[in-house]
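Have a look at the structure below, then the notes.
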Amino acid sequence: MNMGKRFLLTLLMCVIGSSVFAYENPRWFHMPVSVYAAKTTQGTTVLNAYKAWQSASAGTVRFMYRTADHLQPLSNITIEFTDKWMNGKPYSISQKYSMFGEKRINTNRGFYYKQIITISTNNKNGKPFTSAQLYSVALAAAGESLGIKDINFDMNKSKITKDDVQALKAVYKK
């Protein structure tokens with residue numbers, strides 16, 4: 001192989017390699033991402049939050065919504081509810097990066113395999129959230145489940161902001 005071809009091959013490998021590692025946050029590898037929530041008022045509220053992210057993203061993220069119990073094991077994201085807060089937050093996200101275990105494998109630039117999102121139905125004092133408050137919690141949880149770090153949680157938030165969409169597009173490079 002002559003020197004010119006070697007140089008071009010090396011350059012091509014560098015360009016391909018750098019584009020593979022261009023993403024900084026963990027994210028979903030394929031779309032649509034399937035989201036399971038039980039067929040309840042709270043489940044519908046959370047699915048509506050995912051629909052809002054899909055609409056605001058203009059096609060960057062897409063979801064398949066599931067409410068049938070037998071489809072829960074096949075879903076990428078499972079929504080569960082509790083009446084307690086977790087580590088000072090109204091939601092928590094448990095993430096798997098591999099079908100082979102719970103360990104974080106190459107998570108700095110990796111892909112999610114499965115997530116369980118647990119959302120509280122009550123405020124810190126144990127009083128039930130209104131549907132608007134639960135929707136605000138669901139918007140923040142959905143954003144974080146997509147790989148957006150440092151989501152600004154606001155109990156009065158009812159819409160996805162331009163900053164949220166920019167953060168999402170930065171994760172998915174679109």
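Every chain in the structure tokens takes a letter, A first, then B, and so on in the order presented; its residues are numbered from 1, and the ligands are numbered from 1 following the presented order.
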
Using only C-alpha atoms, find each residue of segment 33-89 of chain A with at least one atom at most 12 Å away from an atom of segment 155-158 of chain A; report its shortest atom-to-atom pair and that distance in Å (one decimal), sort the rows by chain and rising residue number, and return the result as JSON lines.
{"residue": "A:Thr45", "atom": "CA", "partner": "A:Ser158", "partner_atom": "CA", "distance": 11.8}
{"residue": "A:Asn48", "atom": "CA", "partner": "A:Ser158", "partner_atom": "CA", "distance": 11.3}
{"residue": "A:Ala49", "atom": "CA", "partner": "A:Ser158", "partner_atom": "CA", "distance": 9.2}
{"residue": "A:Ala52", "atom": "CA", "partner": "A:Ser158", "partner_atom": "CA", "distance": 9.8}
{"residue": "A:Trp53", "atom": "CA", "partner": "A:Ser158", "partner_atom": "CA", "distance": 11.6}
{"residue": "A:Lys89", "atom": "CA", "partner": "A:Met155", "partner_atom": "CA", "distance": 11.3}

How would the residues just picked look written out with C-alpha atoms as an mmCIF file, in the first residue's frame?
data_model
loop_
_atom_site.group_PDB
_atom_site.id
_atom_site.type_symbol
_atom_site.label_atom_id
_atom_site.label_comp_id
_atom_site.auth_asym_id
_atom_site.auth_seq_id
_atom_site.Cartn_x
_atom_site.Cartn_y
_atom_site.Cartn_z
ATOM 1 C CA THR A 45 -50.011 12.052 32.898
ATOM 2 C CA ASN A 48 -48.342 12.949 28.145
ATOM 3 C CA ALA A 49 -45.034 14.381 29.377
ATOM 4 C CA ALA A 52 -44.612 16.758 24.961
ATOM 5 C CA TRP A 53 -40.874 15.967 24.680
ATOM 6 C CA LYS A 89 -36.190 14.265 44.717
#

Quiz prompt | 6 Å contact set for Ile77 of chain A, only C-alpha atoms, chain neighbours under 5 positions out, as an MDAnalysis selection string | solution = chainID A and resid 35 114:116

Would you write out those residues with N, CA and C atoms, as a PDB file, in the first residue's frame?
ATOM      1  N   VAL A  35     -42.070   3.198  26.003  1.00  0.00           N
ATOM      2  CA  VAL A  35     -42.314   3.656  27.364  1.00  0.00           C
ATOM      3  C   VAL A  35     -43.578   2.967  27.874  1.00  0.00           C
ATOM      4  N   LYS A 114     -32.083  -0.115  29.376  1.00  0.00           N
ATOM      5  CA  LYS A 114     -33.377  -0.140  30.044  1.00  0.00           C
ATOM      6  C   LYS A 114     -33.352   0.834  31.213  1.00  0.00           C
ATOM      7  N   GLN A 115     -34.513   1.419  31.510  1.00  0.00           N
ATOM      8  CA  GLN A 115     -34.629   2.323  32.646  1.00  0.00           C
ATOM      9  C   GLN A 115     -35.920   2.025  33.406  1.00  0.00           C
ATOM     10  N   ILE A 116     -35.840   2.205  34.714  1.00  0.00           N
ATOM     11  CA  ILE A 116     -37.034   2.190  35.555  1.00  0.00           C
ATOM     12  C   ILE A 116     -37.094   3.558  36.219  1.00  0.00           C
TER      13      ILE A 116
END

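Distances here use only C-alpha atoms; by that measure, the residue among A:Gly59, A:Pro128, A:Pro90, A:Pro26 closest to Gly147 of chain A is A:Pro26.
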
Quiz item: Excluding same-chain residues fewer than 3 positions from segment 83-88 of chain A, what lies within 10 Å of it counting only C-alpha atoms, as number ranges by chain?
Solution: A: 91-93, 118-129

Quiz item: Taking only C-alpha atoms into account, which of A:Leu134, A:Ala68, A:Ala141, A:Ala170 comes nearest Ser94 of chain A?
Solution: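 So, comparing all the options, the nearest one is A:Ala141.
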
Practice problem: Record the distance separating atom CA of Tyr172 of chain A and atom CA of Ala38 of chain A, expressed in Å with one decimal. | Solution: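 So the answer is 28.1 Å.
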